[in-house]
Structures are given as C-alpha cells and as structure tokens.
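Have a look at the structure below before the remarks.
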Amino acid sequence: MNGLAARINDALPQTQCTRCGYPDCAGYAQAIADGEADINQCPPGGAEGIARLAIVTGRPALPLDPQFGIEGPRAMAVIDEAWCIGCTLCLDACPTDAIVGINKRMHTVIEAHCTGCELCIPVCPVDCISLEVETPGRSGWQAWSQAQAEAALQRYKLHGQHRDAAKREAEAAPAVAEPQAADTRKRSIVEAALARARAAAEQRDKAGSKP
C-alpha cells in the first residue's frame with residue numbers, strides 16, 4: 001500500500017463491511033488512490049467520512065452514492081441462541097472475530113467487537129441473526145470513533161492471521177483421502193445441524209402433547 005492509500009485507509013471506519021464493492025477497507029483505499037473508485041462509496045463513514053476522504057485526496061466532496069447503501073445508525077448483530085445450530089459459518093464470515101462459539105454449540109456476539117458489517121446475516125442457514133440499532137439518532141462517524149476504528153482494524157488483521165495459519169495447517173496435513181470440497185463440507189455440517197434441530201423440535205412437540 002503506497003503512502004496515499006495508507007492515509008486514505010486511516011480515514012476509513014474499518015468496519016470491513018465490503019459495501020464499497022471491495023473486499024476490505026484497505027482494498028477500497030488502494031482503489032481510491034489508483035483512481036479506480038470514488039470517495040463516496042462508504043456508507044458507514046457517511047457524509048463526514050466523505051469529507052475526510054476529500055481532504056486526504058484533494059477531490060471534491062460528493063453525496064454518498066446510493067448504490068452502495070445509505071448512511072444510518074450503527075447496528076450490532078444479535079444471535080437468537082435458541083435457534084442457533086452451531087454451524088460455525090458466521091465465525092468465518094465475521095471480519096473481526098466478534099462471534100464466539102464452537103461447532104454444534106450455540107454462538108454469541110461480543111458487543112464491543114462487532115462493527116455492524118452485517119456479513120454474518122446472509123451466511124446463517126436458519127436466519128437466527130438479526131440487527132439491533134446501537135446508536136439511535138447518530139450515524140457515520142457520529143456513531144463510531146477513531147479508537148473503535150483502530151481496534152477493529154487490529155482485530156481484522158488478527159482474523160486474517162488466524163485464517164492464514166489455519167490454511168497453512170490444512171495444506172501441510174497429509175492427504176489420507178480425497179479432500180472434500182469446502183462447500184460440500186459446510187453443507188454437510190449445516191444439514192447435520194438442521195437434522196438435530198428438527199429432532200429436538202419433534203421431541204419438544206411430543207413432550208408438549210402428552211396429557
């Protein structure tokens with residue numbers, strides 16, 4: 001990342017939400033520096049974020065481009081633990097490791113680490129994750145702080161290190177059988193968890209129907 005891209009990245013909220021169309025804030029910062037992206041593609045930063053980027057880049061401030069979303073209050077992910085099947089898909093999706101849990105056990109969100117990126121929502125197979133408004137009446141940088149942005153960036157870096165380490169371990173492990181495709185493996189985990197959830201629900205229904 002060159003000097004301009006680094007300064008742009010420092011001005012971004014580091015929610016790593018991908019709404020800008022890039023895989024992370026650093027990717028968006030580099031695209032702006034390279035002249036491949038406009039400075040008005042970050043909904044979490046909002047109007048103040050655009051003003052910050054205008055100062056850093058020397059470009060004129062623009063209204064937030066609605067195709068990337070709208071500015072709004074910061075939200076936090078909340079898991080309905082009664083419905084969570086422990087599939088772990090949200091753990092991989094969370095860019096700041098704000099979700100904790102283990103396979104086949106319910107998960108929960110650590111409020112202080114959640115950036116409201118919403119990336120856990122679409123991967124949940126049982127729709128047990130919802131969003132709660134954390135900053136009613138405040139949006140953009142009024143709903144976020146530089147300290148929170150810096151903390152989120154550090155957690156994002158650690159998340160990347162963890163994933164890289166896991167990938168290296170998987171690659172170094174001896175192949176004892178034909179490796180199962182990642183999507184097939186995840187599908188099997190979800191199907192097994194759903195089967196357990198259905199069985200538990202049937203047991204509860206039977207118990208409730210007894211005189």
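Labels for the structure tokens follow display order: chains A, B, ..., residues from 1 in each chain, ligands from 1.
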- request: Can you list, as a ChimeraX atom specification, all residues belonging to region 15-176 of chain A that DSSP tags as helix (DSSP H, G or I)?
  value: /A:25-33,46-57,66-68,89-93,111-113,140-142,146-172
Selection file, C-alpha atoms, as an mmCIF file, in the first residue's frame:
data_model
loop_
_atom_site.group_PDB
_atom_site.id
_atom_site.type_symbol
_atom_site.label_atom_id
_atom_site.label_comp_id
_atom_site.auth_asym_id
_atom_site.auth_seq_id
_atom_site.Cartn_x
_atom_site.Cartn_y
_atom_site.Cartn_z
ATOM 1 C CA CYS A 25 -11.171 -1.037 3.698
ATOM 2 C CA ALA A 26 -7.577 -1.379 2.535
ATOM 3 C CA GLY A 27 -8.722 -2.587 -0.877
ATOM 4 C CA TYR A 28 -11.069 0.374 -1.204
ATOM 5 C CA ALA A 29 -8.321 2.768 -0.092
ATOM 6 C CA GLN A 30 -5.957 1.420 -2.727
ATOM 7 C CA ALA A 31 -8.652 1.702 -5.405
ATOM 8 C CA ILE A 32 -9.240 5.354 -4.498
ATOM 9 C CA ALA A 33 -5.506 6.043 -4.598
ATOM 10 C CA GLY A 46 -21.290 8.657 5.786
ATOM 11 C CA ALA A 47 -21.062 12.321 4.841
ATOM 12 C CA GLU A 48 -18.332 13.055 7.372
ATOM 13 C CA GLY A 49 -16.311 10.150 6.036
ATOM 14 C CA ILE A 50 -16.580 11.542 2.518
ATOM 15 C CA ALA A 51 -15.441 14.939 3.801
ATOM 16 C CA ARG A 52 -12.413 13.288 5.408
ATOM 17 C CA LEU A 53 -11.547 11.491 2.184
ATOM 18 C CA ALA A 54 -11.953 14.726 0.220
ATOM 19 C CA ILE A 55 -9.358 16.392 2.444
ATOM 20 C CA VAL A 56 -6.919 13.479 2.120
ATOM 21 C CA THR A 57 -7.275 13.109 -1.648
ATOM 22 C CA PRO A 66 -26.942 5.229 -3.001
ATOM 23 C CA GLN A 67 -25.980 2.127 -4.967
ATOM 24 C CA PHE A 68 -23.586 1.302 -2.123
ATOM 25 C CA LEU A 89 -20.467 -20.343 9.213
ATOM 26 C CA CYS A 90 -20.842 -16.951 10.882
ATOM 27 C CA LEU A 91 -17.469 -17.358 12.591
ATOM 28 C CA ASP A 92 -15.724 -17.470 9.230
ATOM 29 C CA ALA A 93 -17.776 -14.552 7.894
ATOM 30 C CA GLU A 111 -20.831 -6.432 21.504
ATOM 31 C CA ALA A 112 -17.610 -4.446 21.868
ATOM 32 C CA HIS A 113 -16.055 -6.167 18.840
ATOM 33 C CA GLY A 140 -21.477 7.818 10.259
ATOM 34 C CA TRP A 141 -18.567 8.996 12.385
ATOM 35 C CA GLN A 142 -21.041 10.309 14.953
ATOM 36 C CA GLN A 146 -11.361 6.631 15.801
ATOM 37 C CA ALA A 147 -10.497 4.381 18.729
ATOM 38 C CA GLN A 148 -13.146 1.879 17.645
ATOM 39 C CA ALA A 149 -11.876 2.017 14.064
ATOM 40 C CA GLU A 150 -8.312 1.320 15.175
ATOM 41 C CA ALA A 151 -9.439 -1.560 17.394
ATOM 42 C CA ALA A 152 -11.496 -3.043 14.562
ATOM 43 C CA LEU A 153 -8.516 -2.841 12.212
ATOM 44 C CA GLN A 154 -6.297 -4.700 14.674
ATOM 45 C CA ARG A 155 -8.917 -7.423 15.126
ATOM 46 C CA TYR A 156 -9.287 -7.676 11.342
ATOM 47 C CA LYS A 157 -5.547 -8.181 10.991
ATOM 48 C CA LEU A 158 -5.602 -10.899 13.665
ATOM 49 C CA HIS A 159 -8.564 -12.538 11.920
ATOM 50 C CA GLY A 160 -6.517 -12.683 8.723
ATOM 51 C CA GLN A 161 -3.552 -14.182 10.565
ATOM 52 C CA HIS A 162 -5.758 -16.868 12.101
ATOM 53 C CA ARG A 163 -7.219 -17.793 8.728
ATOM 54 C CA ASP A 164 -3.770 -17.861 7.104
ATOM 55 C CA ALA A 165 -2.463 -20.128 9.867
ATOM 56 C CA ALA A 166 -5.442 -22.471 9.505
ATOM 57 C CA LYS A 167 -4.901 -22.591 5.746
ATOM 58 C CA ARG A 168 -1.222 -23.429 6.159
ATOM 59 C CA GLU A 169 -2.053 -26.209 8.614
ATOM 60 C CA ALA A 170 -4.621 -27.646 6.228
ATOM 61 C CA GLU A 171 -2.157 -27.553 3.344
ATOM 62 C CA ALA A 172 0.582 -29.191 5.434
#
message: Applying 9 Å and only C-alpha atoms, which residues near Cys20 (chain A) remain after dropping the ones on its own chain fewer than 6 positions away? List them as a ChimeraX atom specification.
response: /A:28,40-43,68-69
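Distance-wise, CA of Ala98 (chain A) and CA of Gln16 (chain A) end up 12.5 Å apart.
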task: Mind checking which residues fall within 12 Å of Asp127 (chain A), counting only C-alpha atoms, ignoring those fewer than 6 positions away in the same chain, and posting them as a count of residues only?
output: 14
message: For region 116-119 of chain A, find every residue with an atom within 10 Å (counting only C-alpha atoms), except residues of its own chain fewer than 5 positions away, and show them as a PyMOL selection string.
response: chain A and resi 14-19+44+73-77+90+92-96+111+124+129-134
message: Could you pull out the strand (DSSP E or B) residues of region 27-149 of chain A, going by DSSP on the backbone, and write them as an NGL selection string?
response: :A and (73 or 75-79 or 99-100 or 108-109 or 129-133 or 139)
Would you output that residue set with N, CA and C atoms, as a PDB file, in the first residue's frame?
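Everything below was put into again_3.pdb:
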ATOM      1  N   PRO A  73     -27.745   4.708  11.417  1.00  0.00           N
ATOM      2  CA  PRO A  73     -27.155   4.403  12.727  1.00  0.00           C
ATOM      3  C   PRO A  73     -26.390   3.092  12.690  1.00  0.00           C
ATOM      4  N   ALA A  75     -25.416  -0.553  13.705  1.00  0.00           N
ATOM      5  CA  ALA A  75     -26.170  -1.699  14.220  1.00  0.00           C
ATOM      6  C   ALA A  75     -25.214  -2.743  14.788  1.00  0.00           C
ATOM      7  N   MET A  76     -25.748  -3.625  15.604  1.00  0.00           N
ATOM      8  CA  MET A  76     -24.974  -4.731  16.143  1.00  0.00           C
ATOM      9  C   MET A  76     -25.704  -6.031  15.876  1.00  0.00           C
ATOM     10  N   ALA A  77     -24.960  -7.050  15.524  1.00  0.00           N
ATOM     11  CA  ALA A  77     -25.556  -8.361  15.278  1.00  0.00           C
ATOM     12  C   ALA A  77     -25.932  -9.017  16.604  1.00  0.00           C
ATOM     13  N   VAL A  78     -27.085  -9.666  16.609  1.00  0.00           N
ATOM     14  CA  VAL A  78     -27.553 -10.385  17.794  1.00  0.00           C
ATOM     15  C   VAL A  78     -27.998 -11.776  17.354  1.00  0.00           C
ATOM     16  N   ILE A  79     -27.524 -12.794  18.039  1.00  0.00           N
ATOM     17  CA  ILE A  79     -27.852 -14.182  17.697  1.00  0.00           C
ATOM     18  C   ILE A  79     -28.950 -14.693  18.628  1.00  0.00           C
ATOM     19  N   ILE A  99     -17.752 -12.971  16.908  1.00  0.00           N
ATOM     20  CA  ILE A  99     -18.655 -14.060  17.249  1.00  0.00           C
ATOM     21  C   ILE A  99     -17.845 -15.196  17.851  1.00  0.00           C
ATOM     22  N   VAL A 100     -18.306 -15.722  18.961  1.00  0.00           N
ATOM     23  CA  VAL A 100     -17.605 -16.829  19.606  1.00  0.00           C
ATOM     24  C   VAL A 100     -18.544 -18.021  19.721  1.00  0.00           C
ATOM     25  N   THR A 108     -22.478 -16.664  20.210  1.00  0.00           N
ATOM     26  CA  THR A 108     -22.928 -15.369  20.708  1.00  0.00           C
ATOM     27  C   THR A 108     -22.018 -14.281  20.169  1.00  0.00           C
ATOM     28  N   VAL A 109     -22.496 -13.039  20.188  1.00  0.00           N
ATOM     29  CA  VAL A 109     -21.753 -11.900  19.656  1.00  0.00           C
ATOM     30  C   VAL A 109     -21.162 -11.088  20.805  1.00  0.00           C
ATOM     31  N   ILE A 129     -29.807 -14.674  13.104  1.00  0.00           N
ATOM     32  CA  ILE A 129     -29.045 -13.462  13.408  1.00  0.00           C
ATOM     33  C   ILE A 129     -29.839 -12.246  12.948  1.00  0.00           C
ATOM     34  N   SER A 130     -29.995 -11.298  13.827  1.00  0.00           N
ATOM     35  CA  SER A 130     -30.695 -10.059  13.496  1.00  0.00           C
ATOM     36  C   SER A 130     -29.817  -8.877  13.865  1.00  0.00           C
ATOM     37  N   LEU A 131     -30.274  -7.676  13.535  1.00  0.00           N
ATOM     38  CA  LEU A 131     -29.522  -6.463  13.829  1.00  0.00           C
ATOM     39  C   LEU A 131     -30.312  -5.583  14.789  1.00  0.00           C
ATOM     40  N   GLU A 132     -29.608  -5.010  15.745  1.00  0.00           N
ATOM     41  CA  GLU A 132     -30.216  -4.064  16.664  1.00  0.00           C
ATOM     42  C   GLU A 132     -29.486  -2.731  16.553  1.00  0.00           C
ATOM     43  N   VAL A 133     -30.251  -1.653  16.501  1.00  0.00           N
ATOM     44  CA  VAL A 133     -29.655  -0.320  16.396  1.00  0.00           C
ATOM     45  C   VAL A 133     -28.927   0.015  17.694  1.00  0.00           C
ATOM     46  N   SER A 139     -25.259   8.659  13.207  1.00  0.00           N
ATOM     47  CA  SER A 139     -24.804   7.838  12.088  1.00  0.00           C
ATOM     48  C   SER A 139     -23.402   8.259  11.667  1.00  0.00           C
TER      49      SER A 139
END
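We find CA of Leu64 (chain A) and CA of Gly45 (chain A) to be spaced 9.5 Å apart.
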